[in-house]
Every structure is written in structure tokens, then in C-alpha cells.
$ cat structure09.csv   # CSV, N, CA and C atoms
chain,number,residue,atom,x,y,z
A,1,MET,N,108.0,94.5,120.7
A,1,MET,CA,106.8,94.2,120.1
A,1,MET,C,106.9,94.3,118.6
A,2,LEU,N,107.6,95.3,118.1
A,2,LEU,CA,107.8,95.5,116.7
A,2,LEU,C,108.5,94.2,116.0
A,3,TRP,N,109.5,93.7,116.7
A,3,TRP,CA,110.2,92.5,116.1
A,3,TRP,C,109.3,91.3,116.1
A,4,GLY,N,108.4,91.2,117.0
A,4,GLY,CA,107.4,90.1,117.0
A,4,GLY,C,106.5,90.2,115.8
A,5,ILE,N,106.1,91.4,115.4
A,5,ILE,CA,105.2,91.6,114.2
A,5,ILE,C,106.0,91.2,113.0
A,6,LEU,N,107.3,91.6,113.0
A,6,LEU,CA,108.1,91.4,111.7
A,6,LEU,C,108.7,90.0,111.6
A,7,ALA,N,108.6,89.2,112.7
A,7,ALA,CA,109.1,87.8,112.7
A,7,ALA,C,108.4,87.0,111.6
A,8,GLY,N,109.2,86.4,110.8
A,8,GLY,CA,108.7,85.5,109.7
A,8,GLY,C,108.3,86.3,108.4
A,9,VAL,N,108.4,87.6,108.4
A,9,VAL,CA,108.2,88.4,107.2
A,9,VAL,C,109.3,88.2,106.2
A,10,GLN,N,109.0,87.8,105.0
A,10,GLN,CA,110.0,87.6,104.0
A,10,GLN,C,110.5,88.8,103.3
A,11,GLN,N,109.6,89.8,103.1
A,11,GLN,CA,109.9,91.0,102.4
A,11,GLN,C,109.2,92.2,103.0
A,12,LEU,N,109.9,93.3,103.2
A,12,LEU,CA,109.2,94.5,103.6
A,12,LEU,C,109.1,95.5,102.5
A,13,ALA,N,108.0,96.2,102.4
A,13,ALA,CA,107.8,97.2,101.4
A,13,ALA,C,107.8,98.6,102.0
A,14,LEU,N,108.3,99.5,101.4
A,14,LEU,CA,108.4,100.9,101.9
A,14,LEU,C,107.9,101.9,100.9
A,15,PRO,N,106.7,102.5,101.1
A,15,PRO,CA,106.3,103.5,100.2
A,15,PRO,C,107.2,104.7,100.0
A,16,VAL,N,107.4,105.1,98.8
A,16,VAL,CA,108.4,106.2,98.5
A,16,VAL,C,108.0,107.4,99.3
A,17,VAL,N,106.7,107.6,99.6
A,17,VAL,CA,106.3,108.8,100.4
A,17,VAL,C,106.8,108.7,101.8
A,18,VAL,N,106.9,107.5,102.4
A,18,VAL,CA,107.5,107.3,103.7
A,18,VAL,C,109.0,107.7,103.7
A,19,ILE,N,109.7,107.3,102.6
A,19,ILE,CA,111.1,107.7,102.5
A,19,ILE,C,111.2,109.2,102.5
A,20,GLY,N,110.4,109.9,101.8
A,20,GLY,CA,110.4,111.4,101.8
A,20,GLY,C,110.2,111.9,103.2
A,21,GLU,N,109.2,111.3,103.9
A,21,GLU,CA,109.0,111.8,105.3
A,21,GLU,C,110.2,111.5,106.2
A,22,TYR,N,110.8,110.4,106.0
A,22,TYR,CA,112.0,110.1,106.8
A,22,TYR,C,113.1,111.1,106.5
A,23,ARG,N,113.3,111.3,105.2
A,23,ARG,CA,114.4,112.3,104.8
A,23,ARG,C,114.1,113.7,105.4
A,24,TYR,N,112.9,114.1,105.5
A,24,TYR,CA,112.5,115.4,106.1
A,24,TYR,C,112.9,115.4,107.5
A,25,GLY,N,112.5,114.3,108.3
A,25,GLY,CA,112.8,114.2,109.7
A,25,GLY,C,114.3,114.2,109.9
A,26,ILE,N,115.1,113.4,109.1
A,26,ILE,CA,116.5,113.3,109.2
A,26,ILE,C,117.2,114.7,109.0
A,27,ALA,N,116.7,115.4,108.0
A,27,ALA,CA,117.3,116.7,107.7
A,27,ALA,C,117.2,117.7,108.9
A,28,GLN,N,116.2,117.4,109.8
A,28,GLN,CA,116.1,118.3,111.0
A,28,GLN,C,116.8,117.7,112.2
A,29,SER,N,117.4,116.6,112.1
A,29,SER,CA,117.9,115.9,113.2
A,29,SER,C,119.4,116.3,113.5
A,30,GLY,N,119.7,116.2,114.8
A,30,GLY,CA,121.1,116.5,115.1
A,30,GLY,C,122.0,115.2,114.9
A,31,HIS,N,121.4,114.1,114.5
A,31,HIS,CA,122.1,112.9,114.2
A,31,HIS,C,121.9,112.4,112.8
A,32,ARG,N,122.1,113.4,111.9
A,32,ARG,CA,121.8,113.2,110.5
A,32,ARG,C,122.6,112.0,109.9
A,33,ALA,N,123.9,112.0,110.1
A,33,ALA,CA,124.7,110.9,109.5
A,33,ALA,C,124.3,109.5,110.0
A,34,ARG,N,124.0,109.4,111.3
A,34,ARG,CA,123.6,108.1,111.8
A,34,ARG,C,122.2,107.7,111.2
A,35,TYR,N,121.3,108.6,111.1
A,35,TYR,CA,120.0,108.3,110.5
A,35,TYR,C,120.0,108.1,109.0
A,36,ARG,N,120.9,108.8,108.3
A,36,ARG,CA,121.0,108.6,106.9
A,36,ARG,C,121.5,107.2,106.6
A,37,HIS,N,122.4,106.7,107.4
A,37,HIS,CA,123.0,105.4,107.3
A,37,HIS,C,121.8,104.4,107.6
A,38,TRP,N,121.0,104.6,108.6
A,38,TRP,CA,119.9,103.8,109.0
A,38,TRP,C,118.9,103.7,107.8
A,39,LEU,N,118.6,104.9,107.2
A,39,LEU,CA,117.6,104.9,106.2
A,39,LEU,C,118.1,104.2,104.9
A,40,ASN,N,119.4,104.4,104.6
A,40,ASN,CA,119.9,103.7,103.4
A,40,ASN,C,119.9,102.2,103.6
A,41,SER,N,120.2,101.7,104.8
A,41,SER,CA,120.2,100.3,105.1
A,41,SER,C,118.7,99.8,104.9
A,42,LEU,N,117.8,100.6,105.5
A,42,LEU,CA,116.4,100.2,105.4
A,42,LEU,C,115.9,100.1,103.9
A,43,ILE,N,116.3,101.1,103.1
A,43,ILE,CA,115.9,101.1,101.7
A,43,ILE,C,116.5,99.9,101.0
A,44,THR,N,117.7,99.5,101.3
A,44,THR,CA,118.4,98.3,100.7
A,44,THR,C,117.6,97.1,101.1
A,45,ASP,N,117.1,97.0,102.3
A,45,ASP,CA,116.4,95.8,102.7
A,45,ASP,C,114.9,95.7,102.3
A,46,CYS,N,114.4,96.7,101.7
A,46,CYS,CA,113.0,96.8,101.4
A,46,CYS,C,112.7,96.9,99.9
A,47,THR,N,111.5,96.6,99.5
A,47,THR,CA,111.0,96.9,98.2
A,47,THR,C,110.4,98.3,98.3
A,48,VAL,N,110.9,99.2,97.4
A,48,VAL,CA,110.3,100.5,97.5
A,48,VAL,C,109.1,100.6,96.5
A,49,LEU,N,108.0,101.0,97.1
A,49,LEU,CA,106.7,101.2,96.3
A,49,LEU,C,106.6,102.6,95.8
A,50,ASP,N,106.7,102.7,94.5
A,50,ASP,CA,106.6,104.0,93.8
A,50,ASP,C,105.1,104.3,93.4
A,51,VAL,N,104.8,105.5,93.4
A,51,VAL,CA,103.5,106.0,93.0
A,51,VAL,C,103.4,105.9,91.5
A,52,THR,N,102.4,105.2,91.0
A,52,THR,CA,102.2,105.0,89.5
A,52,THR,C,100.8,105.6,89.2
A,53,GLU,N,100.5,105.5,87.9
A,53,GLU,CA,99.2,106.0,87.4
A,53,GLU,C,98.1,105.1,88.1
A,54,GLN,N,98.4,103.9,88.2
A,54,GLN,CA,97.4,103.0,88.9
A,54,GLN,C,97.1,103.4,90.3
A,55,THR,N,98.2,103.9,91.0
A,55,THR,CA,98.1,104.3,92.4
A,55,THR,C,97.1,105.5,92.5
A,56,THR,N,97.1,106.3,91.5
A,56,THR,CA,96.2,107.5,91.5
A,56,THR,C,94.7,107.2,91.6
A,57,HIS,N,94.4,106.0,91.0
A,57,HIS,CA,93.0,105.6,91.1
A,57,HIS,C,92.6,105.2,92.6
A,58,HIS,N,93.5,104.5,93.3
A,58,HIS,CA,93.3,104.2,94.7
A,58,HIS,C,93.3,105.4,95.5
A,59,TYR,N,94.2,106.4,95.2
A,59,TYR,CA,94.3,107.6,96.0
A,59,TYR,C,92.9,108.3,95.9
A,60,ALA,N,92.4,108.5,94.7
A,60,ALA,CA,91.2,109.2,94.5
A,60,ALA,C,90.0,108.5,95.1
A,61,ALA,N,89.9,107.2,95.0
A,61,ALA,CA,88.8,106.5,95.6
A,61,ALA,C,88.9,106.6,97.1
A,62,ILE,N,90.0,106.4,97.7
A,62,ILE,CA,90.1,106.5,99.2
A,62,ILE,C,89.8,108.0,99.6
A,63,ASN,N,90.3,109.0,98.9
A,63,ASN,CA,90.0,110.3,99.3
A,63,ASN,C,88.5,110.6,99.3
A,64,VAL,N,87.8,110.2,98.2
A,64,VAL,CA,86.4,110.4,98.1
A,64,VAL,C,85.7,109.7,99.3
A,65,GLU,N,86.0,108.4,99.5
A,65,GLU,CA,85.4,107.6,100.5
A,65,GLU,C,85.5,108.3,101.9
A,66,LEU,N,86.7,108.7,102.2
A,66,LEU,CA,86.9,109.3,103.6
A,66,LEU,C,86.3,110.7,103.7
A,67,ARG,N,86.3,111.5,102.6
A,67,ARG,CA,85.7,112.8,102.7
A,67,ARG,C,84.1,112.7,102.8
A,68,GLN,N,83.6,111.7,102.1
A,68,GLN,CA,82.1,111.4,102.2
A,68,GLN,C,81.7,111.0,103.6
A,69,ALA,N,82.7,110.2,104.2
A,69,ALA,CA,82.4,109.8,105.6
A,69,ALA,C,82.7,110.8,106.6
A,70,GLY,N,83.3,112.0,106.2
A,70,GLY,CA,83.6,113.0,107.1
A,70,GLY,C,84.9,112.7,107.9
A,71,LYS,N,85.8,111.9,107.3
A,71,LYS,CA,87.0,111.4,108.1
A,71,LYS,C,88.2,111.6,107.2
A,72,PRO,N,88.5,112.8,106.7
A,72,PRO,CA,89.7,112.9,105.8
A,72,PRO,C,91.0,112.7,106.6
A,73,ILE,N,92.0,112.2,105.9
A,73,ILE,CA,93.3,112.0,106.5
A,73,ILE,C,94.4,112.9,105.8
A,74,PRO,N,95.6,113.1,106.4
A,74,PRO,CA,96.6,113.9,105.7
A,74,PRO,C,96.9,113.3,104.3
A,75,THR,N,97.3,114.2,103.4
A,75,THR,CA,97.6,113.9,102.0
A,75,THR,C,98.7,112.8,101.9
A,76,ASN,N,99.8,112.9,102.6
A,76,ASN,CA,100.8,111.8,102.5
A,76,ASN,C,100.3,110.5,102.9
A,77,ASP,N,99.4,110.5,103.9
A,77,ASP,CA,98.8,109.2,104.4
A,77,ASP,C,97.8,108.7,103.4
A,78,LEU,N,97.2,109.5,102.6
A,78,LEU,CA,96.4,109.0,101.5
A,78,LEU,C,97.2,108.3,100.5
A,79,TRP,N,98.4,108.8,100.2
A,79,TRP,CA,99.2,108.1,99.2
A,79,TRP,C,99.7,106.8,99.8
A,80,ILE,N,100.1,106.8,101.0
A,80,ILE,CA,100.5,105.6,101.7
A,80,ILE,C,99.4,104.5,101.7
A,81,ALA,N,98.2,104.9,102.1
A,81,ALA,CA,97.1,104.0,102.0
A,81,ALA,C,96.8,103.5,100.6
A,82,ALA,N,96.9,104.4,99.7
A,82,ALA,CA,96.7,104.0,98.3
A,82,ALA,C,97.7,102.9,97.8
A,83,LEU,N,98.9,103.1,98.2
A,83,LEU,CA,99.9,102.1,97.8
A,83,LEU,C,99.7,100.8,98.5
A,84,CYS,N,99.3,100.8,99.8
A,84,CYS,CA,99.0,99.6,100.5
A,84,CYS,C,97.8,98.9,99.9
A,85,ARG,N,96.7,99.6,99.6
A,85,ARG,CA,95.6,99.0,98.9
A,85,ARG,C,95.9,98.5,97.6
A,86,GLN,N,96.6,99.2,96.8
A,86,GLN,CA,97.0,98.8,95.4
A,86,GLN,C,97.8,97.5,95.5
A,87,HIS,N,98.7,97.3,96.4
A,87,HIS,CA,99.5,96.1,96.4
A,87,HIS,C,99.0,95.1,97.4
A,88,GLY,N,97.9,95.3,98.1
A,88,GLY,CA,97.3,94.3,99.0
A,88,GLY,C,98.2,94.1,100.2
A,89,LEU,N,98.8,95.1,100.7
A,89,LEU,CA,99.7,95.0,101.8
A,89,LEU,C,99.2,95.6,103.1
A,90,PRO,N,99.5,95.0,104.2
A,90,PRO,CA,99.2,95.6,105.5
A,90,PRO,C,100.1,96.8,105.7
A,91,LEU,N,99.6,97.6,106.6
A,91,LEU,CA,100.4,98.9,107.0
A,91,LEU,C,100.8,98.9,108.4
A,92,LEU,N,102.1,99.0,108.6
A,92,LEU,CA,102.6,99.1,110.0
A,92,LEU,C,102.7,100.5,110.4
A,93,SER,N,101.8,100.9,111.3
A,93,SER,CA,101.7,102.3,111.7
A,93,SER,C,101.0,102.5,113.0
A,94,GLN,N,101.4,103.5,113.7
A,94,GLN,CA,100.7,103.9,115.0
A,94,GLN,C,99.5,104.8,114.7
A,95,ASP,N,99.4,105.3,113.5
A,95,ASP,CA,98.3,106.3,113.2
A,95,ASP,C,97.0,105.6,113.0
A,96,GLN,N,96.1,105.8,114.0
A,96,GLN,CA,94.8,105.1,114.0
A,96,GLN,C,93.9,105.6,112.9
A,97,HIS,N,94.2,106.7,112.3
A,97,HIS,CA,93.2,107.2,111.2
A,97,HIS,C,93.3,106.2,110.0
A,98,PHE,N,94.3,105.4,109.9
A,98,PHE,CA,94.3,104.4,108.8
A,98,PHE,C,93.3,103.3,109.0
A,99,ASP,N,92.8,103.2,110.3
A,99,ASP,CA,91.7,102.2,110.5
A,99,ASP,C,90.4,102.4,109.8
A,100,VAL,N,90.2,103.7,109.4
A,100,VAL,CA,89.0,104.0,108.6
A,100,VAL,C,89.1,103.7,107.1
A,101,VAL,N,90.3,103.4,106.7
A,101,VAL,CA,90.5,103.2,105.2
A,101,VAL,C,90.1,101.7,104.9
A,102,SER,N,89.1,101.5,104.1
A,102,SER,CA,88.7,100.2,103.7
A,102,SER,C,89.7,99.6,102.8
A,103,GLY,N,89.9,98.3,102.9
A,103,GLY,CA,90.8,97.6,102.0
A,103,GLY,C,92.3,97.5,102.4
A,104,ILE,N,92.6,98.1,103.6
A,104,ILE,CA,93.9,97.9,104.2
A,104,ILE,C,93.8,97.5,105.6
A,105,GLN,N,94.8,96.8,106.1
A,105,GLN,CA,94.9,96.4,107.5
A,105,GLN,C,96.0,97.1,108.1
A,106,ARG,N,95.8,97.8,109.2
A,106,ARG,CA,96.8,98.5,110.0
A,106,ARG,C,97.3,97.5,111.1
A,107,LEU,N,98.7,97.4,111.1
A,107,LEU,CA,99.3,96.7,112.2
A,107,LEU,C,99.9,97.7,113.1
A,108,ALA,N,99.5,97.7,114.4
A,108,ALA,CA,100.0,98.6,115.4
A,108,ALA,C,101.2,98.0,116.1
A,109,TRP,N,102.1,98.9,116.5
A,109,TRP,CA,103.2,98.5,117.3
A,109,TRP,C,103.6,99.6,118.2
A,110,ARG,N,104.3,99.2,119.3
A,110,ARG,CA,104.8,100.2,120.2
A,110,ARG,C,106.2,99.7,120.7
A,111,ASP,N,107.2,100.5,120.5
A,111,ASP,CA,108.5,100.2,120.9
A,111,ASP,C,109.0,101.4,121.8
A,112,LYS,N,109.0,101.3,123.1
A,112,LYS,CA,109.3,102.4,124.0
A,112,LYS,C,110.7,103.0,123.7
A,113,ALA,N,111.7,102.1,123.4
A,113,ALA,CA,113.1,102.6,123.1
A,113,ALA,C,113.1,103.5,121.9
A,114,LEU,N,112.3,103.1,120.8
A,114,LEU,CA,112.2,104.0,119.6
A,114,LEU,C,111.5,105.3,120.0
A,115,ASP,N,110.4,105.2,120.7
A,115,ASP,CA,109.7,106.4,121.1
A,115,ASP,C,110.5,107.4,121.8
A,116,GLN,N,111.4,106.9,122.7
A,116,GLN,CA,112.2,107.8,123.5
A,116,GLN,C,113.3,108.4,122.6
A,117,ASP,N,113.8,107.7,121.6
A,117,ASP,CA,114.8,108.2,120.7
A,117,ASP,C,114.2,109.2,119.7
A,118,ALA,N,113.0,108.9,119.3
A,118,ALA,CA,112.4,109.7,118.2
A,118,ALA,C,111.6,110.8,118.7
A,119,GLY,N,111.3,110.9,120.0
A,119,GLY,CA,110.4,111.9,120.5
A,119,GLY,C,109.0,111.5,120.1
A,120,SER,N,108.1,112.4,120.0
A,120,SER,CA,106.7,112.1,119.8
A,120,SER,C,106.3,112.0,118.3
A,121,HIS,N,107.3,112.2,117.4
A,121,HIS,CA,107.0,112.3,116.0
A,121,HIS,C,107.1,110.9,115.3
A,122,GLY,N,107.6,109.9,115.9
A,122,GLY,CA,107.7,108.6,115.3
A,122,GLY,C,108.7,108.5,114.3
A,123,ARG,N,109.6,109.5,114.2
A,123,ARG,CA,110.7,109.5,113.2
A,123,ARG,C,111.9,108.9,113.9
A,124,PRO,N,112.9,108.4,113.0
A,124,PRO,CA,114.1,107.8,113.6
A,124,PRO,C,114.9,108.9,114.4
$ encode --input "structure09.csv" --output "C-alpha cells"
Amino acid sequence: MLWGILAGVQQLALPVVVIGEYRYGIAQSGHRARYRHWLNSLITDCTVLDVTEQTTHHYAAINVELRQAGKPIPTNDLWIAALCRQHGLPLLSQDQHFDVVSGIQRLAWRDKALDQDAGSHGRP
């Protein structure tokens, strides 16, 4: 199902925050070398979205909106949502809490082979 979603996509963007989360997961893995290679290949194939001063405006607005609605999300996910909103990009994620963030579209996917390999954390 993941490859169906990605079919026809010309460019993938990867928030720098996600790279940090991947590196954290890889550091704890028994397959570090294999996953480092995977991540380096992914980074090469993607546009990396860096946090800028403009991103901070989106971060603050989303944080206020969600807290006022009584639906806060984790800090790293706020940064990811802010980058998606800033750049007008959809978000590929299984995390349903992104659905409450206005101005972004979450694309869900499920790949059983990846789930089995990654465990329940969604990491490589």
C-alpha cells in the first residue's frame, strides 16, 4: 500500500526532525549498519526540510490551536506538522493525531512487512 501512495510522486520531502527520530531509533537497533545505509539513501533521495524562523510561526500557531482545542500533540510532531503546513505538503504517517491539525493532509499507509521488521514503533 505504501508504494501505491508513492507512485507518481516526483519528489519526497523529509523533515529534519524525522531524520533525528530515525537516527535515535537506529542508535538503539541491533542492525545499525544496515539502517544507517537505508537512512543515508533515503536522505539522498529526498529534499530535507529544515526548521527556519518562518517554521516557528507555524509551530506556535499549531501549538496554540491544538492546546485551545484540548488536543495537544508531541513536540516533535508539532515541528513536523509546522514544516508540512509551511511548505503545503501532505504528511505520510500512521499517527492519527495529525488529523486534528488544520492545514495539513495526513496520508495513512500500512505495510505489514515493515511493521514486523520495525516492531510497534514504526522505525526502520
$ residues_around --input "structure09.csv" --residues "Leu92 in chain A" --least-positions-apart "6" --cutoff "6.5 Å" --atoms "all atoms listed in the file" --output "list in words"
Gln105, Arg106, Leu107, Ala108 and Trp109 of chain A
$ select_by_dssp --input "structure09.csv" --residues "chain A" --states "helix (DSSP H, G or I)" --output "PyMOL selection string"
chain A and resi 2-6+16-27+32-45+53-68+75-87+96-100+112-121
$ atom_distance --input "structure09.csv" --atom1 "CA of Asp95 in chain A" --atom2 "CA of Arg32 in chain A"
24.6 Å
$ closest_residue --input "structure09.csv" --among "A:Asp45, A:Thr75, A:Cys84, A:Leu66" --to "Val100 in chain A" --atoms "only C-alpha atoms"
A:Leu66
$ select_by_dssp --input "structure09.csv" --residues "chain A" --states "strand (DSSP E or B)" --output "JSON, numbers by chain"
{"A": [12, 13, 14, 15, 46, 47, 48, 49, 91, 92, 106, 107]}
$ atom_distance --input "structure09.csv" --atom1 "CA of Ala60 in chain A" --atom2 "atom C of Pro15 in chain A"
17.5 Å
$ atom_distance --input "structure09.csv" --atom1 "CA of His37 in chain A" --atom2 "atom N of Val16 in chain A"
17.8 Å
$ closest_residue --input "structure09.csv" --among "A:Leu12, A:Ala61, A:Tyr22, A:Gln68" --to "Leu49 in chain A" --atoms "only N, CA and C atoms"
A:Leu12
$ residues_around --input "structure09.csv" --residues "Val18 in chain A" --least-positions-apart "4" --cutoff "9 Å" --atoms "only C-alpha atoms" --output "ChimeraX atom specification"
/A:14,22-23,76-77,80
$ closest_residue --input "structure09.csv" --among "A:Pro72, A:Thr56, A:Ile26, A:Arg67" --to "Leu39 in chain A" --atoms "only C-alpha atoms"
A:Ile26
